[in-house]
$ cat upload.pdb   # PDB, C-alpha atoms
ATOM      1  CA  MET H 135     118.694 105.960 113.410
ATOM      2  CA  ILE H 136     115.276 106.094 111.778
ATOM      3  CA  SER H 137     114.964 106.570 108.020
ATOM      4  CA  ILE H 138     111.986 108.486 106.617
ATOM      5  CA  ILE H 139     111.276 107.638 102.970
ATOM      6  CA  ILE H 140     109.034 110.008 100.999
ATOM      7  CA  PRO H 141     108.340 108.908  97.403
ATOM      8  CA  ALA H 142     106.680 111.505  95.182
ATOM      9  CA  PHE H 143     105.403 112.062  91.672
ATOM     10  CA  ASN H 144     104.630 115.745  91.037
ATOM     11  CA  GLN H 145     102.401 117.673  93.506
ATOM     12  CA  LEU H 146     105.189 120.111  94.427
ATOM     13  CA  GLU H 147     103.163 122.187  96.916
ATOM     14  CA  TYR H 148     102.095 119.127  98.914
ATOM     15  CA  CYS H 149     105.707 117.921  98.954
ATOM     16  CA  ARG H 150     106.832 121.292 100.346
ATOM     17  CA  GLN H 151     104.193 121.193 103.089
ATOM     18  CA  CYS H 152     105.056 117.613 104.017
ATOM     19  CA  ILE H 153     108.804 118.126 104.247
ATOM     20  CA  THR H 154     108.389 121.426 106.103
ATOM     21  CA  SER H 155     106.240 119.675 108.711
ATOM     22  CA  VAL H 156     108.842 116.911 109.095
ATOM     23  CA  HIS H 157     111.610 119.479 109.628
ATOM     24  CA  LEU H 158     109.530 121.502 112.101
ATOM     25  CA  ASN H 159     108.154 118.633 114.150
ATOM     26  CA  THR H 160     110.778 115.885 114.168
ATOM     27  CA  GLU H 161     113.379 116.297 116.889
ATOM     28  CA  ALA H 162     114.706 112.740 117.072
ATOM     29  CA  PRO H 163     117.625 111.872 114.775
ATOM     30  CA  TYR H 164     116.426 110.726 111.386
ATOM     31  CA  LYS H 165     117.654 110.189 107.846
ATOM     32  CA  LEU H 166     115.427 111.806 105.219
ATOM     33  CA  ILE H 167     115.283 109.911 101.912
ATOM     34  CA  LEU H 168     113.404 111.626  99.081
ATOM     35  CA  VAL H 169     112.517 109.647  95.963
ATOM     36  CA  ASP H 170     111.521 111.570  92.846
ATOM     37  CA  ASN H 171     109.463 109.231  90.657
ATOM     38  CA  GLY H 172     110.124 111.097  87.407
ATOM     39  CA  SER H 173     108.277 114.305  88.380
ATOM     40  CA  THR H 174     107.776 117.017  85.768
ATOM     41  CA  ASP H 175     106.653 119.952  87.931
ATOM     42  CA  GLY H 176     109.860 120.812  89.810
ATOM     43  CA  VAL H 177     109.677 118.227  92.597
ATOM     44  CA  GLY H 178     113.052 116.756  91.630
ATOM     45  CA  GLU H 179     114.752 120.167  91.682
ATOM     46  CA  TYR H 180     113.106 120.980  95.029
ATOM     47  CA  PHE H 181     114.259 117.679  96.530
ATOM     48  CA  ASP H 182     117.837 118.480  95.479
ATOM     49  CA  CYS H 183     117.643 121.677  97.534
ATOM     50  CA  VAL H 184     116.402 120.083 100.781
ATOM     51  CA  PRO H 185     119.259 120.341 103.317
ATOM     52  CA  GLY H 186     120.699 117.034 104.488
ATOM     53  CA  ALA H 187     118.376 114.856 102.426
ATOM     54  CA  THR H 188     119.416 111.784 100.468
ATOM     55  CA  VAL H 189     117.760 112.221  97.070
ATOM     56  CA  VAL H 190     117.047 109.448  94.575
ATOM     57  CA  HIS H 191     115.876 110.269  91.025
ATOM     58  CA  ALA H 192     114.018 107.367  89.456
ATOM     59  CA  GLY H 193     113.763 108.934  85.999
ATOM     60  CA  GLU H 194     110.259 107.517  85.567
ATOM     61  CA  ASN H 195     107.167 106.912  87.656
ATOM     62  CA  LYS H 196     107.787 103.558  89.312
ATOM     63  CA  GLY H 197     104.726 103.829  91.533
ATOM     64  CA  PHE H 198     104.623 103.676  95.286
ATOM     65  CA  ALA H 199     106.234 100.235  95.653
ATOM     66  CA  GLY H 200     109.016 101.020  93.172
ATOM     67  CA  GLY H 201     109.741 104.365  94.799
ATOM     68  CA  VAL H 202     109.827 102.839  98.257
ATOM     69  CA  ASN H 203     112.197 100.095  97.108
ATOM     70  CA  LEU H 204     114.620 102.686  95.731
ATOM     71  CA  GLY H 205     114.515 104.470  99.075
ATOM     72  CA  LEU H 206     115.057 101.257 101.033
ATOM     73  CA  GLN H 207     118.419 100.842  99.328
ATOM     74  CA  HIS H 208     119.633 103.882 101.285
ATOM     75  CA  ALA H 209     117.813 103.255 104.574
ATOM     76  CA  GLU H 210     119.357 102.767 108.005
ATOM     77  CA  GLY H 211     117.581 101.408 111.068
ATOM     78  CA  HIS H 212     113.805 101.338 111.343
ATOM     79  CA  VAL H 213     111.999 102.832 108.357
ATOM     80  CA  VAL H 214     109.028 105.173 108.082
ATOM     81  CA  LEU H 215     107.185 105.288 104.761
ATOM     82  CA  LEU H 216     105.456 108.648 104.420
ATOM     83  CA  ASN H 217     103.159 109.846 101.658
ATOM     84  CA  SER H 218     104.031 113.235 100.195
ATOM     85  CA  ASP H 219     100.522 114.563 100.965
ATOM     86  CA  THR H 220     100.835 114.190 104.738
ATOM     87  CA  LEU H 221     101.569 116.657 107.549
ATOM     88  CA  THR H 222     103.415 115.415 110.621
ATOM     89  CA  PRO H 223     102.579 117.079 113.974
ATOM     90  CA  ARG H 224     104.646 117.439 117.146
ATOM     91  CA  GLY H 225     105.654 114.152 118.737
ATOM     92  CA  TRP H 226     104.591 111.963 115.827
ATOM     93  CA  LEU H 227     107.836 110.021 115.408
ATOM     94  CA  PRO H 228     108.631 109.197 119.081
ATOM     95  CA  ARG H 229     105.071 107.940 119.568
ATOM     96  CA  LEU H 230     105.368 105.591 116.615
ATOM     97  CA  GLU H 231     108.796 104.401 117.741
ATOM     98  CA  ARG H 232     107.627 103.710 121.299
ATOM     99  CA  ALA H 233     104.750 101.662 119.905
ATOM    100  CA  LEU H 234     107.022  99.692 117.579
ATOM    101  CA  LEU H 235     109.477  98.852 120.348
ATOM    102  CA  ARG H 236     106.846  97.949 122.955
ATOM    103  CA  GLU H 237     107.151  94.244 122.117
ATOM    104  CA  GLU H 238     109.756  92.414 120.063
ATOM    105  CA  ASP H 239     107.151  90.755 117.849
ATOM    106  CA  ILE H 240     105.573  94.039 116.705
ATOM    107  CA  GLY H 241     106.735  94.344 113.112
ATOM    108  CA  MET H 242     104.952  97.475 111.883
ATOM    109  CA  VAL H 243     102.927 100.319 113.362
ATOM    110  CA  GLY H 244     100.837 103.137 111.922
ATOM    111  CA  PRO H 245      99.184 106.285 113.317
ATOM    112  CA  MET H 246      95.594 107.453 113.443
ATOM    113  CA  SER H 247      94.512 109.885 110.718
ATOM    114  CA  ASN H 248      91.677 111.883 109.218
ATOM    115  CA  GLN H 249      91.962 110.238 105.760
ATOM    116  CA  VAL H 250      92.595 106.506 106.031
ATOM    117  CA  SER H 251      90.558 103.310 106.007
ATOM    118  CA  GLY H 252      89.951 100.827 108.778
ATOM    119  CA  ALA H 253      90.859 101.086 112.444
ATOM    120  CA  GLN H 254      93.189 104.048 111.871
ATOM    121  CA  HIS H 255      90.415 106.422 110.810
ATOM    122  CA  ILE H 256      89.053 109.226 112.996
ATOM    123  CA  ASP H 257      85.885 110.721 111.552
ATOM    124  CA  GLY H 258      84.718 114.323 111.587
ATOM    125  CA  LEU H 259      88.063 116.134 111.707
ATOM    126  CA  TRP H 260      88.676 119.502 110.059
ATOM    127  CA  PHE H 261      91.818 121.625 110.343
ATOM    128  CA  GLU H 262      92.812 125.004 108.958
ATOM    129  CA  SER H 263      96.473 125.112 110.015
ATOM    130  CA  LEU H 264      99.396 122.998 111.161
ATOM    131  CA  GLU H 265      99.009 124.511 114.625
ATOM    132  CA  GLU H 266      95.467 123.147 114.828
ATOM    133  CA  ILE H 267      96.827 119.753 113.799
ATOM    134  CA  ASN H 268      99.538 120.038 116.471
ATOM    135  CA  ALA H 269      96.965 120.887 119.142
ATOM    136  CA  TYR H 270      94.751 117.958 118.186
ATOM    137  CA  ALA H 271      97.722 115.560 118.103
ATOM    138  CA  ASP H 272      98.799 116.707 121.578
ATOM    139  CA  ARG H 273      95.284 116.178 122.950
ATOM    140  CA  LEU H 274      94.987 112.732 121.377
ATOM    141  CA  ALA H 275      98.376 111.757 122.809
ATOM    142  CA  GLY H 276      97.210 112.720 126.280
ATOM    143  CA  GLU H 277      93.911 110.884 126.023
ATOM    144  CA  ARG H 278      95.325 107.662 124.538
ATOM    145  CA  ALA H 279      98.885 107.606 125.893
ATOM    146  CA  GLY H 280     100.532 104.253 125.198
ATOM    147  CA  THR H 281      97.419 102.671 123.660
ATOM    148  CA  LEU H 282      98.041  99.998 121.024
ATOM    149  CA  ILE H 283      95.435  98.372 118.788
ATOM    150  CA  GLU H 284      96.440  95.110 117.112
ATOM    151  CA  VAL H 285      95.091  94.925 113.551
ATOM    152  CA  PRO H 286      95.300  92.574 110.535
ATOM    153  CA  ARG H 287      96.405  95.382 108.185
ATOM    154  CA  LEU H 288      97.916  98.868 108.211
ATOM    155  CA  VAL H 289      97.673 101.524 105.522
ATOM    156  CA  GLY H 290     100.894 102.611 103.830
ATOM    157  CA  PHE H 291     100.316 106.392 103.930
ATOM    158  CA  CYS H 292     102.457 106.448 107.098
ATOM    159  CA  LEU H 293     104.023 103.186 108.143
ATOM    160  CA  MET H 294     106.905 102.470 110.531
ATOM    161  CA  ILE H 295     108.662  99.163 109.804
ATOM    162  CA  ARG H 296     111.054  97.411 112.174
ATOM    163  CA  ASP H 297     114.529  97.026 110.685
ATOM    164  CA  GLU H 298     114.573  93.227 111.019
ATOM    165  CA  VAL H 299     111.234  92.972 109.189
ATOM    166  CA  ILE H 300     112.802  94.603 106.153
ATOM    167  CA  LEU H 301     115.666  92.115 106.318
ATOM    168  CA  LYS H 302     113.317  89.125 106.560
ATOM    169  CA  VAL H 303     110.361  90.205 104.417
ATOM    170  CA  GLY H 304     112.297  92.152 101.781
ATOM    171  CA  CYS H 305     111.108  94.778  99.331
ATOM    172  CA  PHE H 306     107.613  95.771  98.246
ATOM    173  CA  ASP H 307     106.046  93.951  95.298
ATOM    174  CA  GLU H 308     106.363  96.248  92.278
ATOM    175  CA  ARG H 309     103.760  94.311  90.312
ATOM    176  CA  PHE H 310     101.168  96.564  91.982
ATOM    177  CA  GLY H 311     102.390  99.394  89.747
ATOM    178  CA  LEU H 312     101.206 102.901  90.542
ATOM    179  CA  GLY H 313      99.703 101.829  93.842
ATOM    180  CA  ASN H 314      96.941 100.123  95.864
ATOM    181  CA  PHE H 315      97.219  96.782  97.647
ATOM    182  CA  GLU H 316     101.028  96.800  97.816
ATOM    183  CA  ASP H 317     100.669  97.763 101.495
ATOM    184  CA  ASP H 318      98.088  95.003 102.094
ATOM    185  CA  ASP H 319     100.498  92.576 100.480
ATOM    186  CA  TYR H 320     103.397  93.709 102.676
ATOM    187  CA  CYS H 321     101.236  93.480 105.799
ATOM    188  CA  ARG H 322     100.290  89.926 104.950
ATOM    189  CA  ARG H 323     103.898  88.933 104.318
ATOM    190  CA  THR H 324     104.933  90.521 107.619
ATOM    191  CA  VAL H 325     102.287  88.612 109.578
ATOM    192  CA  LEU H 326     103.318  85.345 107.922
ATOM    193  CA  ALA H 327     106.910  86.090 108.977
ATOM    194  CA  GLY H 328     105.712  85.984 112.585
ATOM    195  CA  TYR H 329     105.145  89.647 113.422
ATOM    196  CA  ARG H 330     102.185  91.649 114.691
ATOM    197  CA  LEU H 331     100.733  94.839 113.239
ATOM    198  CA  CYS H 332      99.582  97.594 115.592
ATOM    199  CA  VAL H 333      98.038 101.046 115.467
ATOM    200  CA  ALA H 334      99.676 103.584 117.778
ATOM    201  CA  ALA H 335      96.379 105.074 118.921
ATOM    202  CA  ASP H 336      98.123 108.037 120.580
ATOM    203  CA  SER H 337      99.867 109.103 117.358
ATOM    204  CA  PHE H 338      98.231 111.228 114.648
ATOM    205  CA  VAL H 339      99.383 112.169 111.136
ATOM    206  CA  PHE H 340      97.286 114.401 108.894
ATOM    207  CA  HIS H 341      96.600 113.061 105.394
ATOM    208  CA  TYR H 342      95.158 115.051 102.489
ATOM    209  CA  GLY H 343      94.508 111.771 100.681
ATOM    210  CA  SER H 344      95.124 110.584  97.094
ATOM    211  CA  ARG H 345      96.709 113.854  95.911
ATOM    212  CA  THR H 346      99.191 112.048  93.647
ATOM    213  CA  PHE H 347      96.486 109.901  92.066
ATOM    214  CA  HIS H 348      94.238 112.923  91.522
ATOM    215  CA  GLY H 349      97.112 114.788  89.899
ATOM    216  CA  MET H 350      97.519 111.890  87.478
ATOM    217  CA  GLY H 351      93.843 112.016  86.554
ATOM    218  CA  LEU H 352      93.055 108.777  88.366
ATOM    219  CA  VAL H 353      89.556 109.634  89.539
ATOM    220  CA  ASP H 354      86.117 108.057  89.165
ATOM    221  CA  ASP H 355      86.202 105.197  86.613
ATOM    222  CA  ALA H 356      89.968 105.411  86.128
ATOM    223  CA  TRP H 357      90.481 105.143  89.884
ATOM    224  CA  ARG H 358      88.052 102.262  90.230
ATOM    225  CA  GLY H 359      89.780 100.500  87.351
ATOM    226  CA  LEU H 360      93.197 100.783  89.031
ATOM    227  CA  VAL H 361      91.833  99.550  92.360
ATOM    228  CA  GLY H 362      90.012  96.681  90.665
ATOM    229  CA  ARG H 363      93.063  95.518  88.717
ATOM    230  CA  ASN H 364      95.284  95.545  91.782
ATOM    231  CA  GLN H 365      92.649  93.821  93.865
ATOM    232  CA  ASP H 366      92.506  91.048  91.280
ATOM    233  CA  LEU H 367      96.318  90.826  91.331
ATOM    234  CA  TYR H 368      96.316  90.603  95.115
ATOM    235  CA  ARG H 369      93.697  87.848  95.113
ATOM    236  CA  GLU H 370      95.534  85.927  92.409
ATOM    237  CA  LYS H 371      98.824  86.180  94.287
ATOM    238  CA  TRP H 372      97.368  84.848  97.513
ATOM    239  CA  GLN H 373      94.860  82.316  96.183
ATOM    240  CA  ASP H 374      97.180  79.365  96.860
ATOM    241  CA  ASP H 375      96.897  79.821 100.604
ATOM    242  CA  ALA H 376      93.496  81.488 100.825
ATOM    243  CA  VAL H 377      91.830  78.340 102.197
ATOM    244  CA  LEU H 378      94.802  77.645 104.439
ATOM    245  CA  LEU H 379      94.635  81.075 106.033
ATOM    246  CA  ALA H 380      90.847  80.905 106.350
ATOM    247  CA  ALA H 381      90.952  77.603 108.264
ATOM    248  CA  PRO H 382      92.148  78.203 111.847
ATOM    249  CA  GLN H 383      93.449  74.672 112.402
ATOM    250  CA  GLN H 384      95.481  74.719 109.198
ATOM    251  CA  ARG H 385      96.760  78.220 109.930
ATOM    252  CA  ALA H 386      97.892  77.022 113.359
ATOM    253  CA  ALA H 387      99.738  74.123 111.720
ATOM    254  CA  LEU H 388     101.515  76.508 109.328
ATOM    255  CA  LEU H 389     102.523  78.847 112.140
ATOM    256  CA  THR H 390     103.707  75.936 114.278
ATOM    257  CA  LYS H 391     105.913  74.744 111.426
ATOM    258  CA  LYS H 392     107.351  78.233 111.016
ATOM    259  CA  ALA H 393     107.965  78.379 114.766
ATOM    260  CA  ARG H 394     109.857  75.097 114.672
ATOM    261  CA  ASP H 395     111.955  76.412 111.790
ATOM    262  CA  ALA H 396     112.701  79.512 113.869
ATOM    263  CA  VAL H 397     113.787  77.302 116.790
ATOM    264  CA  GLN H 398     116.112  75.416 114.461
ATOM    265  CA  ALA H 399     117.559  78.775 113.342
ATOM    266  CA  ASN H 400     117.946  79.772 117.008
ATOM    267  CA  ASP H 401     115.572  82.717 116.460
ATOM    268  CA  LEU H 402     113.800  82.001 119.724
ATOM    269  CA  HIS H 403     111.943  85.291 120.191
ATOM    270  CA  ARG H 404     110.343  84.882 116.771
ATOM    271  CA  ALA H 405     109.519  81.258 117.581
ATOM    272  CA  ILE H 406     107.667  82.329 120.742
ATOM    273  CA  ALA H 407     105.684  84.913 118.764
ATOM    274  CA  LEU H 408     104.755  82.329 116.121
ATOM    275  CA  TYR H 409     103.647  79.768 118.707
ATOM    276  CA  LYS H 410     101.447  82.397 120.357
ATOM    277  CA  GLN H 411      99.882  83.239 116.991
ATOM    278  CA  ALA H 412      99.238  79.531 116.413
ATOM    279  CA  ILE H 413      97.502  79.314 119.794
ATOM    280  CA  GLU H 414      95.382  82.370 118.968
ATOM    281  CA  SER H 415      94.422  80.837 115.615
ATOM    282  CA  ALA H 416      93.363  77.489 117.076
ATOM    283  CA  PRO H 417      93.035  77.601 120.887
ATOM    284  CA  ASN H 418      91.985  73.943 120.979
ATOM    285  CA  ASP H 419      95.075  72.607 119.214
ATOM    286  CA  PRO H 420      97.376  71.062 121.870
ATOM    287  CA  ILE H 421     100.524  70.950 119.739
ATOM    288  CA  PRO H 422     101.582  74.632 119.851
ATOM    289  CA  TYR H 423     100.963  74.665 123.637
ATOM    290  CA  ASN H 424     103.252  71.662 124.046
ATOM    291  CA  ASP H 425     105.900  73.048 121.704
ATOM    292  CA  LEU H 426     105.887  76.415 123.458
ATOM    293  CA  GLY H 427     106.188  74.664 126.813
ATOM    294  CA  LYS H 428     109.304  72.845 125.606
ATOM    295  CA  LEU H 429     110.809  76.084 124.352
ATOM    296  CA  LEU H 430     110.109  77.894 127.642
ATOM    297  CA  LEU H 431     111.656  74.981 129.521
ATOM    298  CA  ARG H 432     114.736  75.323 127.352
ATOM    299  CA  LEU H 433     114.841  79.044 128.161
ATOM    300  CA  GLY H 434     114.803  78.364 131.906
ATOM    301  CA  ASP H 435     111.172  79.232 132.653
ATOM    302  CA  PRO H 436     109.716  75.986 134.134
ATOM    303  CA  GLU H 437     106.679  77.633 135.742
ATOM    304  CA  ARG H 438     105.331  79.041 132.498
ATOM    305  CA  ALA H 439     106.326  75.839 130.683
ATOM    306  CA  ARG H 440     104.232  73.779 133.127
ATOM    307  CA  LYS H 441     101.156  75.886 132.369
ATOM    308  CA  TYR H 442     101.479  75.213 128.647
ATOM    309  CA  PHE H 443     102.024  71.476 129.187
ATOM    310  CA  GLU H 444      98.957  71.344 131.440
ATOM    311  CA  ARG H 445      96.892  73.209 128.861
ATOM    312  CA  ALA H 446      97.975  70.785 126.119
ATOM    313  CA  LEU H 447      96.942  67.823 128.290
ATOM    314  CA  SER H 448      93.608  69.414 129.201
ATOM    315  CA  ILE H 449      92.813  69.576 125.480
ATOM    316  CA  ASP H 450      94.116  66.089 124.657
ATOM    317  CA  PRO H 451      94.971  63.809 127.620
ATOM    318  CA  THR H 452      96.492  61.289 125.201
ATOM    319  CA  ILE H 453      99.241  63.618 123.973
ATOM    320  CA  ALA H 454     102.124  61.557 125.329
ATOM    321  CA  ASP H 455     104.801  64.164 124.675
ATOM    322  CA  ALA H 456     103.144  66.733 126.945
ATOM    323  CA  GLY H 457     102.567  64.143 129.661
ATOM    324  CA  GLN H 458     106.193  63.056 129.535
ATOM    325  CA  ASN H 459     107.381  66.667 129.643
ATOM    326  CA  LEU H 460     105.197  67.338 132.695
ATOM    327  CA  GLU H 461     106.368  64.177 134.386
ATOM    328  CA  ASN H 462     110.028  65.072 133.765
ATOM    329  CA  GLN H 463     109.462  68.441 135.403
ATOM    330  CA  GLY H 464     108.263  66.731 138.557
ATOM    331  CA  LYS H 465     111.453  64.709 138.914
TER     332      LYS H 465
END
$ encode --input "upload.pdb" --output "structure tokens"
Amino acid sequence: MISIIIPAFNQLEYCRQCITSVHLNTEAPYKLILVDNGSTDGVGEYFDCVPGATVVHAGENKGFAGGVNLGLQHAEGHVVLLNSDTLTPRGWLPRLERALLREEDIGMVGPMSNQVSGAQHIDGLWFESLEEINAYADRLAGERAGTLIEVPRLVGFCLMIRDEVILKVGCFDERFGLGNFEDDDYCRRTVLAGYRLCVAADSFVFHYGSRTFHGMGLVDDAWRGLVGRNQDLYREKWQDDAVLLAAPQQRAALLTKKARDAVQANDLHRAIALYKQAIESAPNDPIPYNDLGKLLLRLGDPERARKYFERALSIDPTIADAGQNLENQGK
């Protein structure tokens, strides 16, 4: 089961278009969860009439994070967060799911889009109908079939989250209010939990962009004020480890500690992912190589373990633990 959570505040026509596209173009089994954030233009009444949907009425505008958290209480399986001003084309959900399940350490994936920042953006797109969007999505899927792009952040307009990430990372931070930076925050927490973030480059979801904010009058100075306040909140929240995350050697040490904790908890797949992230952060640190070698040896993979022990010794010939591990293998 995949749960699709759509939080909304007003913008009835965009909500209709979004949900219609989901119904038309989503063949895989899914649970549709609609969260009405205190709408005043008929969105709540419309949601109540959507066949088969689980509807949550917040009674007030709790913002994106608050709306998502209400929806998560009813979710089953992997979760897709979907803005109410999106249109989903043919094949969108299976492509995201295949990307998410490609590797066990992929925690979240997102699609390409016409209105999004960063690596997910495709410039110069213009569509006049859902059929044109479908045709473009089909062509993109053919050209980029199975392509993944690992990224440091994903944008929350359309975001598929692995079920175990939700269990480990928890809910979205509602301190970000109406919206902005709550998705950056969740991405950062997911990475620190040992998972990777990837763009499914063969998946496309159309995004009108900021319709809810525009409907609330959050444009120009008001918009910049909201973004600025949440950016300050984000920086304040993460200032304690800003230096730590900026320094590769210290980041590697943090990830190695988390990996050892995962080994102690017998969460070995997560431990492997964390050790690999530590190695990527500081390729000249012998400790995560040695630790990963010991874990692979424990898992019955002596050939790969030997390679990691040898790499640790090539970096620091005095690391006695790696030398002893290599010597024991030869016996």
$ resolve_selection --input "upload.pdb" --expression "the PyMOL selection byres ((chain H and resi 224) around 10)" --output "count of residues only"
24
$ axis_aligned_box --input "upload.pdb" --around "range 204-218 of chain H" --padding-each-side "3 Å" --output "AutoDock Vina command-line options"
--center_x 111.4 --center_y 107.0 --center_z 103.5 --size_x 22.5 --size_y 18.4 --size_z 21.6
$ resolve_selection --input "upload.pdb" --expression "the PyMOL selection byres ((chain H and resi 192) around 8)" --output "number ranges by chain"
H: 169-172, 190-191, 193-196, 201, 204
$ atom_distance --input "upload.pdb" --atom1 "CA of Ala386 in chain H" --atom2 "CA of Tyr329 in chain H"
14.6 Å
$ residues_around --input "upload.pdb" --residues "Gly205 in chain H" --least-positions-apart "2" --cutoff "7 Å" --atoms "all atoms listed in the file" --output "ChimeraX atom specification"
/H:139,167,169,201-203,207-209
$ resolve_selection --input "upload.pdb" --expression "the PyMOL selection byres ((chain H and resi 252-254) around 8)" --output "ChimeraX atom specification"
/H:244-247,250-251,255-256,285,288,333,335
$ atom_distance --input "upload.pdb" --atom1 "CA of Gly197 in chain H" --atom2 "CA of Glu370 in chain H"
20.1 Å
$ atom_distance --input "upload.pdb" --atom1 "CA of Gln398 in chain H" --atom2 "CA of Asp319 in chain H"
27.1 Å
$ closest_residue --input "upload.pdb" --among "H:Leu402, H:Leu234, H:Ala387, H:Ile421" --to "Ile453 in chain H" --atoms "all atoms listed in the file"
H:Ile421
$ closest_residue --input "upload.pdb" --among "H:Leu389, H:Leu221, H:Ile295, H:Asp336" --to "Arg273 in chain H" --atoms "all atoms listed in the file"
H:Asp336
$ closest_residue --input "upload.pdb" --among "H:Asp239, H:Asp297, H:Asp366, H:Asp182" --to "Phe315 in chain H" --atoms "only C-alpha atoms"
H:Asp366
$ residues_around --input "upload.pdb" --residues "Phe306 in chain H" --least-positions-apart "2" --cutoff "9 Å" --atoms "only C-alpha atoms" --output "JSON, numbers by chain"
{"H": [198, 199, 200, 202, 203, 303, 304, 308, 309, 316, 317, 319, 320]}
$ closest_residue --input "upload.pdb" --among "H:Lys165, H:Gly311, H:Arg236, H:Asp435" --to "Leu206 in chain H" --atoms "all atoms listed in the file"
H:Lys165
$ closest_residue --input "upload.pdb" --among "H:Arg445, H:Leu168, H:Leu433, H:Thr174" --to "Asn144 in chain H" --atoms "only C-alpha atoms"
H:Thr174
$ decode --input "upload.pdb" --residues "range 229-240 of chain H" --atoms "N, CA and C atoms" --output "PDB file, in the first residue's frame"
ATOM      1  N   ARG H 229       6.925   4.859 -11.192  1.00  0.00           N
ATOM      2  CA  ARG H 229       8.302   5.319 -11.411  1.00  0.00           C
ATOM      3  C   ARG H 229       8.944   5.802 -10.116  1.00  0.00           C
ATOM      4  N   LEU H 230       8.174   6.507  -9.313  1.00  0.00           N
ATOM      5  CA  LEU H 230       8.702   6.933  -8.011  1.00  0.00           C
ATOM      6  C   LEU H 230       8.965   5.736  -7.112  1.00  0.00           C
ATOM      7  N   GLU H 231       8.047   4.782  -7.105  1.00  0.00           N
ATOM      8  CA  GLU H 231       8.201   3.614  -6.232  1.00  0.00           C
ATOM      9  C   GLU H 231       9.414   2.780  -6.637  1.00  0.00           C
ATOM     10  N   ARG H 232       9.597   2.578  -7.947  1.00  0.00           N
ATOM     11  CA  ARG H 232      10.769   1.818  -8.397  1.00  0.00           C
ATOM     12  C   ARG H 232      12.060   2.506  -7.959  1.00  0.00           C
ATOM     13  N   ALA H 233      12.081   3.825  -8.047  1.00  0.00           N
ATOM     14  CA  ALA H 233      13.272   4.565  -7.621  1.00  0.00           C
ATOM     15  C   ALA H 233      13.516   4.404  -6.128  1.00  0.00           C
ATOM     16  N   LEU H 234      12.454   4.514  -5.343  1.00  0.00           N
ATOM     17  CA  LEU H 234      12.585   4.409  -3.886  1.00  0.00           C
ATOM     18  C   LEU H 234      13.120   3.040  -3.475  1.00  0.00           C
ATOM     19  N   LEU H 235      12.657   2.002  -4.155  1.00  0.00           N
ATOM     20  CA  LEU H 235      13.004   0.639  -3.756  1.00  0.00           C
ATOM     21  C   LEU H 235      14.249   0.108  -4.441  1.00  0.00           C
ATOM     22  N   ARG H 236      14.923   0.956  -5.227  1.00  0.00           N
ATOM     23  CA  ARG H 236      16.131   0.508  -5.932  1.00  0.00           C
ATOM     24  C   ARG H 236      17.195   0.036  -4.942  1.00  0.00           C
ATOM     25  N   GLU H 237      17.398   0.803  -3.886  1.00  0.00           N
ATOM     26  CA  GLU H 237      18.383   0.457  -2.859  1.00  0.00           C
ATOM     27  C   GLU H 237      17.738   0.658  -1.494  1.00  0.00           C
ATOM     28  N   GLU H 238      18.154  -0.161  -0.532  1.00  0.00           N
ATOM     29  CA  GLU H 238      17.521  -0.108   0.788  1.00  0.00           C
ATOM     30  C   GLU H 238      17.842   1.167   1.556  1.00  0.00           C
ATOM     31  N   ASP H 239      18.907   1.864   1.168  1.00  0.00           N
ATOM     32  CA  ASP H 239      19.262   3.078   1.912  1.00  0.00           C
ATOM     33  C   ASP H 239      18.714   4.342   1.250  1.00  0.00           C
ATOM     34  N   ILE H 240      17.877   4.206   0.222  1.00  0.00           N
ATOM     35  CA  ILE H 240      17.209   5.371  -0.349  1.00  0.00           C
ATOM     36  C   ILE H 240      15.979   5.669   0.507  1.00  0.00           C
TER      37      ILE H 240
END
